[in-house]
Structures are given as structure tokens and as C-alpha cells.
Amino acid sequence: MQHLEVFQTQFFKHSLKVHGKTPNAYVLGELGKFKLERYVKTRMLNFWVNVCTGKSTKFSTVMYKFMKGKFDKNEVDFKWFKCIKETLNDIGLDHILNGNIENDLFCTFLQSDDFKKKINNGMTHYYSEMWEKVLESSDSYNFYHTFKKELVLESYLIDIEPRYAIPLTKFRCENHKLPNVIGRYTNVDAHLRICNLCDLGDKGDNYHYLFNCSFFKKQRENLLKDSIDQLQGRLTSRSMKIKNIMNSKSETHLVNLSKFVTIVMDHFDKAKQN
Ligand SMILES: [Zn+2]
């Protein structure tokens, strides 16, 4: 299973043209995809419904009842059932295991579309929460988590041409050589990862180059003026500014943002090569 998860995320990274070390949560976030485990466990639950609600003469149903009886008395470690129990617990449906599967009405409920929907919604909710917990687990995910709150496909990937979408993905996923990122890989203390292109003494991170660095003032005025003007007077906090500029739905704004971040990222790419 682990190998399949790795294969899936590597395929997503390849499709988005980001490097292999990009956090998995970023690529799942950009594409609005869940870990494969979500689908495997959903199928396991659907299979469990079929087995436990089968006819009393069905071999798998007879075996299930026998094994569950042993498991409940702690007489046997029934791994598959343990996984079913844990998964139902994760999605808040573990109480269902106390139901009487000899009761026809209860079995009809388990086989209903309503129950399937409950499982599906529960899995979506649980795996979205897991994805968000990863983003909350480290300060290095702060920039991405500021503007990305829902596990849904990013519309910019469809709305603008790949030549503009690709640099935008790289900037969003911090696939660049800005001081704040390079410092992480070269063990520079966080407070020392400052911008050396201007005299503001700010941290050299995505926010600084998007909004403040005087070195890119001219390019910012040419390309981001409209986007930034829209923020004036109403949304001035750092997080709101990031959220609004990164989540713009205007194709013109997105293309200009892509052009601007390309200039910034190219500057640091070249600086690194020299
Ligand atoms: Zn600067």
C-alpha cells in the first residue's frame, strides 16, 4: 500500500512539474486528491457490509460471525476486522458494530444508499482533516496553508495556459530558491534568512517578494498593481493579502501573478548558479 501511495504522489509531482521533495500535502492540495488509503478503506467498508449482511447460509457470513464472536471475546486477533473497527471509529460510525445483524431492518439500513453516503461523507471529512493536520504540523507549511484551506482542485490549473500555471504551482509549492527556502535546506537560522536585495531587513519569503521588496518594485507596479489595488483599504492583514492574491479567479490577474513570480524565481535561480 505504501508503495502505491508513493507511486501516486510521485506521479502527481511529475504532472505538476514540481520536484520530488515537495510535501505530499501540497500536491494533493493542488489537485484536490485524497491519499489512496481513503478509497481502499471505503471499499473495505462496503465489502464488510456485504459480508455481515449476507444470507445466514453464505460461507463468508458464517465465518465472519464466528470470527467476530472470537474477536469480541479477545480470543483471536482478527486483523481485517480490527481495521474495519478502527476505520468506523475514525469516521464516527463505530456504534454501528453494536447493531444486531440478525435483524432484517438493521441489515436493510446497512445496505441502503443512505448508509453508503454516510460512509463516503465520513471518509471525505476524515481524510480532509488529516490533510489539514499535516499542514498545521509545521511552520514551514505556513505560506501554503494561509491560502489553501480546502482539499479541492485548483481552478487556475485549468483556467490559464500551462506556461503560466506551471510557475504559479512552483511558487505556491515553494519550489524555488528564495532565501527563506534555501535557508531551510542549508540550516540557516530562521531569523537570518533575510532578503539581501533591499534594506528592509525582512525575511526573504514569498510574502516579502509579492508585496514589499523594493528590488522588484517596478515589475510589481507593472504586473500586480491591479491585484494589489483591490486590496487597499479593506484587507490589510498579511494572511488576507496572501489569501486574496493567491486565490484570485481573474485570469488576467493570475497570468500577471505568474509573470511576476517567474521574474522573482528566475532572479534567485540565476543568483544561485553564479
Ligand atoms: Zn527585499
# chains A, B, ... in the order shown; residues from 1 in each chain; ligands from 1
>>> residues_near_ligand(ligand="ligand 1", cutoff="6 Å", atoms="only C-alpha atoms and all ligand atoms", output="CSV table (one decimal) with N, CA and C atoms, in the first residue's frame")
chain,number,residue,atom,x,y,z
A,195,CYS,N,16.1,39.0,3.3
A,195,CYS,CA,16.4,39.5,1.9
A,195,CYS,C,17.6,40.4,1.8
A,197,LEU,N,18.4,41.9,-1.1
A,197,LEU,CA,18.3,42.7,-2.3
A,197,LEU,C,17.8,44.1,-1.9
A,198,CYS,N,17.2,44.3,-0.7
A,198,CYS,CA,16.7,45.6,-0.3
A,198,CYS,C,17.2,45.8,1.1
A,213,CYS,N,9.3,43.9,-1.3
A,213,CYS,CA,10.7,44.0,-1.7
A,213,CYS,C,10.9,45.2,-2.8
A,214,SER,N,11.7,46.2,-2.4
A,214,SER,CA,11.8,47.3,-3.3
A,214,SER,C,12.6,47.0,-4.6
>>> residues_around(residues="segment 31-37 of chain A", least_positions_apart="2", cutoff="12 Å", atoms="only C-alpha atoms", output="PyMOL selection string")
chain A and resi 1-9+11-13+15-16+24-29+39-44+83+87+123-132+148-158+169
>>> write_last_selection(atoms="N, CA and C atoms", output="CSV table (one decimal), in the first residue's frame")
chain,number,residue,atom,x,y,z
A,1,MET,N,0.8,-1.2,0.0
A,1,MET,CA,0.0,0.0,0.0
A,1,MET,C,0.9,1.3,0.0
A,2,GLN,N,1.9,1.2,0.9
A,2,GLN,CA,2.8,2.3,1.0
A,2,GLN,C,3.5,2.7,-0.4
A,3,HIS,N,3.8,1.6,-1.1
A,3,HIS,CA,4.5,1.8,-2.4
A,3,HIS,C,3.5,2.4,-3.4
A,4,LEU,N,2.2,2.0,-3.3
A,4,LEU,CA,1.2,2.6,-4.2
A,4,LEU,C,1.0,4.1,-3.9
A,5,GLU,N,1.0,4.4,-2.6
A,5,GLU,CA,0.9,5.9,-2.2
A,5,GLU,C,2.1,6.7,-2.8
A,6,VAL,N,3.3,6.1,-2.7
A,6,VAL,CA,4.5,6.8,-3.2
A,6,VAL,C,4.3,7.0,-4.7
A,7,PHE,N,3.9,5.9,-5.4
A,7,PHE,CA,3.8,6.0,-6.8
A,7,PHE,C,2.8,7.1,-7.2
A,8,GLN,N,1.7,7.1,-6.5
A,8,GLN,CA,0.6,8.1,-6.8
A,8,GLN,C,1.2,9.5,-6.6
A,9,THR,N,1.8,9.8,-5.5
A,9,THR,CA,2.3,11.2,-5.2
A,9,THR,C,3.4,11.6,-6.2
A,11,PHE,N,3.7,10.5,-9.2
A,11,PHE,CA,3.0,10.8,-10.5
A,11,PHE,C,2.4,12.2,-10.5
A,12,PHE,N,1.8,12.6,-9.3
A,12,PHE,CA,1.2,13.9,-9.2
A,12,PHE,C,2.3,15.0,-9.3
A,13,LYS,N,3.4,14.7,-8.7
A,13,LYS,CA,4.5,15.7,-8.7
A,13,LYS,C,5.1,15.9,-10.1
A,15,SER,N,3.3,15.3,-12.8
A,15,SER,CA,2.3,16.0,-13.6
A,15,SER,C,2.3,17.5,-13.4
A,16,LEU,N,2.6,17.9,-12.1
A,16,LEU,CA,2.6,19.3,-11.8
A,16,LEU,C,4.0,20.0,-12.0
A,24,ASN,N,4.0,16.1,0.1
A,24,ASN,CA,2.8,15.5,-0.5
A,24,ASN,C,1.5,16.3,-0.3
A,25,ALA,N,1.4,16.9,0.9
A,25,ALA,CA,0.2,17.6,1.2
A,25,ALA,C,-0.1,18.8,0.2
A,26,TYR,N,1.0,19.3,-0.4
A,26,TYR,CA,0.9,20.4,-1.4
A,26,TYR,C,0.3,19.9,-2.7
A,27,VAL,N,0.9,18.7,-3.2
A,27,VAL,CA,0.4,18.2,-4.5
A,27,VAL,C,-1.0,17.7,-4.3
A,28,LEU,N,-1.3,17.0,-3.2
A,28,LEU,CA,-2.7,16.6,-3.0
A,28,LEU,C,-3.6,17.8,-3.0
A,29,GLY,N,-3.2,18.8,-2.3
A,29,GLY,CA,-4.0,20.1,-2.2
A,29,GLY,C,-4.2,20.7,-3.6
A,39,TYR,N,-9.7,5.5,-0.5
A,39,TYR,CA,-10.5,4.6,-1.4
A,39,TYR,C,-10.5,3.2,-1.1
A,40,VAL,N,-9.3,2.7,-0.6
A,40,VAL,CA,-9.1,1.3,-0.2
A,40,VAL,C,-10.0,1.0,1.0
A,41,LYS,N,-10.0,1.9,1.9
A,41,LYS,CA,-10.8,1.6,3.2
A,41,LYS,C,-12.3,1.8,2.9
A,42,THR,N,-12.6,2.6,2.0
A,42,THR,CA,-14.1,2.7,1.6
A,42,THR,C,-14.5,1.4,1.0
A,43,ARG,N,-13.7,0.8,0.2
A,43,ARG,CA,-14.1,-0.5,-0.4
A,43,ARG,C,-14.1,-1.6,0.6
A,44,MET,N,-13.2,-1.5,1.6
A,44,MET,CA,-13.2,-2.5,2.6
A,44,MET,C,-14.5,-2.4,3.4
A,83,CYS,N,-9.2,-3.5,11.5
A,83,CYS,CA,-9.1,-2.4,10.6
A,83,CYS,C,-10.4,-1.8,10.3
A,87,THR,N,-11.5,2.0,11.3
A,87,THR,CA,-12.0,2.9,10.2
A,87,THR,C,-13.4,3.4,10.6
A,123,MET,N,-15.7,9.4,5.2
A,123,MET,CA,-14.3,9.3,4.7
A,123,MET,C,-13.7,10.6,4.2
A,124,THR,N,-14.6,11.3,3.4
A,124,THR,CA,-14.1,12.6,2.9
A,124,THR,C,-13.7,13.5,4.0
A,125,HIS,N,-14.6,13.6,5.0
A,125,HIS,CA,-14.4,14.5,6.1
A,125,HIS,C,-13.1,14.1,6.8
A,126,TYR,N,-12.9,12.8,7.1
A,126,TYR,CA,-11.8,12.4,7.9
A,126,TYR,C,-10.5,12.6,7.2
A,127,TYR,N,-10.4,12.3,5.9
A,127,TYR,CA,-9.2,12.4,5.1
A,127,TYR,C,-8.9,13.9,4.8
A,128,SER,N,-9.9,14.7,4.7
A,128,SER,CA,-9.6,16.2,4.5
A,128,SER,C,-9.0,16.7,5.8
A,129,GLU,N,-9.5,16.3,7.0
A,129,GLU,CA,-9.0,16.7,8.2
A,129,GLU,C,-7.5,16.3,8.4
A,130,MET,N,-7.3,15.0,8.0
A,130,MET,CA,-5.9,14.5,8.1
A,130,MET,C,-4.9,15.4,7.3
A,131,TRP,N,-5.4,15.7,6.1
A,131,TRP,CA,-4.6,16.6,5.2
A,131,TRP,C,-4.3,17.9,5.8
A,132,GLU,N,-5.4,18.5,6.4
A,132,GLU,CA,-5.2,19.8,7.1
A,132,GLU,C,-4.3,19.7,8.3
A,148,LYS,N,-4.5,28.0,1.3
A,148,LYS,CA,-5.1,26.8,0.8
A,148,LYS,C,-5.8,26.1,2.0
A,149,LYS,N,-7.1,26.2,2.0
A,149,LYS,CA,-7.9,25.7,3.2
A,149,LYS,C,-8.7,24.4,2.8
A,150,GLU,N,-9.0,24.2,1.5
A,150,GLU,CA,-9.9,23.1,1.2
A,150,GLU,C,-9.2,22.2,0.2
A,151,LEU,N,-9.5,20.9,0.4
A,151,LEU,CA,-8.9,19.9,-0.5
A,151,LEU,C,-9.7,19.8,-1.8
A,152,VAL,N,-9.5,20.8,-2.6
A,152,VAL,CA,-10.3,20.8,-3.9
A,152,VAL,C,-9.3,21.2,-5.0
A,153,LEU,N,-9.6,20.7,-6.2
A,153,LEU,CA,-8.7,21.0,-7.4
A,153,LEU,C,-8.6,22.5,-7.6
A,154,GLU,N,-7.4,23.0,-7.8
A,154,GLU,CA,-7.2,24.4,-8.1
A,154,GLU,C,-7.7,24.8,-9.5
A,155,SER,N,-8.6,25.8,-9.6
A,155,SER,CA,-9.1,26.1,-10.9
A,155,SER,C,-8.1,26.8,-11.8
A,156,TYR,N,-7.0,27.4,-11.2
A,156,TYR,CA,-6.0,28.1,-12.1
A,156,TYR,C,-5.3,27.0,-13.0
A,157,LEU,N,-5.3,25.8,-12.5
A,157,LEU,CA,-4.6,24.7,-13.3
A,157,LEU,C,-5.4,24.5,-14.6
A,158,ILE,N,-6.6,24.8,-14.7
A,158,ILE,CA,-7.5,24.6,-15.8
A,158,ILE,C,-7.7,25.9,-16.6
A,169,THR,N,2.4,27.2,-9.9
A,169,THR,CA,2.4,26.0,-9.0
A,169,THR,C,3.8,26.0,-8.2
>>> select_by_dssp(residues="segment 59-263 of chain A", states="helix (DSSP H, G or I)", output="PyMOL selection string")
chain A and resi 59-72+79-90+94-98+104-111+113-136+139-147+156-159+162-172+179-185+190-192+206-212+214-223+225-229+238-246+251-263
>>> closest_residue(among="A:Ser239, A:Thr22, A:Asn206, A:Asn222", to="Val261 of chain A", atoms="only C-alpha atoms")
A:Asn206
>>> closest_residue(among="A:His145, A:Lys68, A:Arg172, A:Arg184", to="Asn98 of chain A", atoms="only C-alpha atoms")
A:Lys68
>>> atom_distance(atom1="atom CA of Gly20 of chain A", atom2="atom CA of Cys173 of chain A")
11.6 Å
>>> residues_around(residues="Thr53 of chain A", least_positions_apart="2", cutoff="9 Å", atoms="only C-alpha atoms", output="count of residues only")
15
>>> atom_distance(atom1="atom CA of Ile194 of chain A", atom2="atom CA of Phe143 of chain A")
16.0 Å
>>> residues_around(residues="Gly122 of chain A", least_positions_apart="3", cutoff="9 Å", atoms="only C-alpha atoms", output="short mmCIF file (atom, residue, chain, number, x, y, z; two decimals) with N, CA and C atoms, in the first residue's frame")
data_model
loop_
_atom_site.label_atom_id
_atom_site.label_comp_id
_atom_site.auth_asym_id
_atom_site.auth_seq_id
_atom_site.Cartn_x
_atom_site.Cartn_y
_atom_site.Cartn_z
N LEU A 88 -14.24 2.57 11.09
CA LEU A 88 -15.58 3.05 11.50
C LEU A 88 -15.43 4.05 12.66
N ASP A 90 -12.82 6.02 13.14
CA ASP A 90 -12.28 7.27 12.56
C ASP A 90 -13.39 8.16 12.00
N ILE A 91 -14.43 7.52 11.44
CA ILE A 91 -15.47 8.33 10.80
C ILE A 91 -16.72 8.44 11.68
N GLY A 92 -16.56 8.09 12.94
CA GLY A 92 -17.66 8.28 13.91
C GLY A 92 -18.83 7.32 13.73
N LEU A 93 -18.59 6.15 13.12
CA LEU A 93 -19.69 5.20 12.90
C LEU A 93 -19.46 3.87 13.64
N LYS A 117 -23.74 6.58 1.63
CA LYS A 117 -23.45 8.02 1.59
C LYS A 117 -22.78 8.47 2.89
N LYS A 118 -23.28 7.93 4.01
CA LYS A 118 -22.69 8.24 5.32
C LYS A 118 -21.22 7.85 5.36
N ILE A 119 -20.94 6.65 4.83
CA ILE A 119 -19.54 6.18 4.80
C ILE A 119 -18.71 7.13 3.95
N HIS A 125 -14.59 13.61 4.98
CA HIS A 125 -14.35 14.52 6.10
C HIS A 125 -13.07 14.13 6.84
N TYR A 126 -12.94 12.84 7.13
CA TYR A 126 -11.78 12.36 7.91
C TYR A 126 -10.47 12.63 7.15
N TYR A 127 -10.42 12.27 5.86
CA TYR A 127 -9.16 12.43 5.13
C TYR A 127 -8.86 13.89 4.79
#
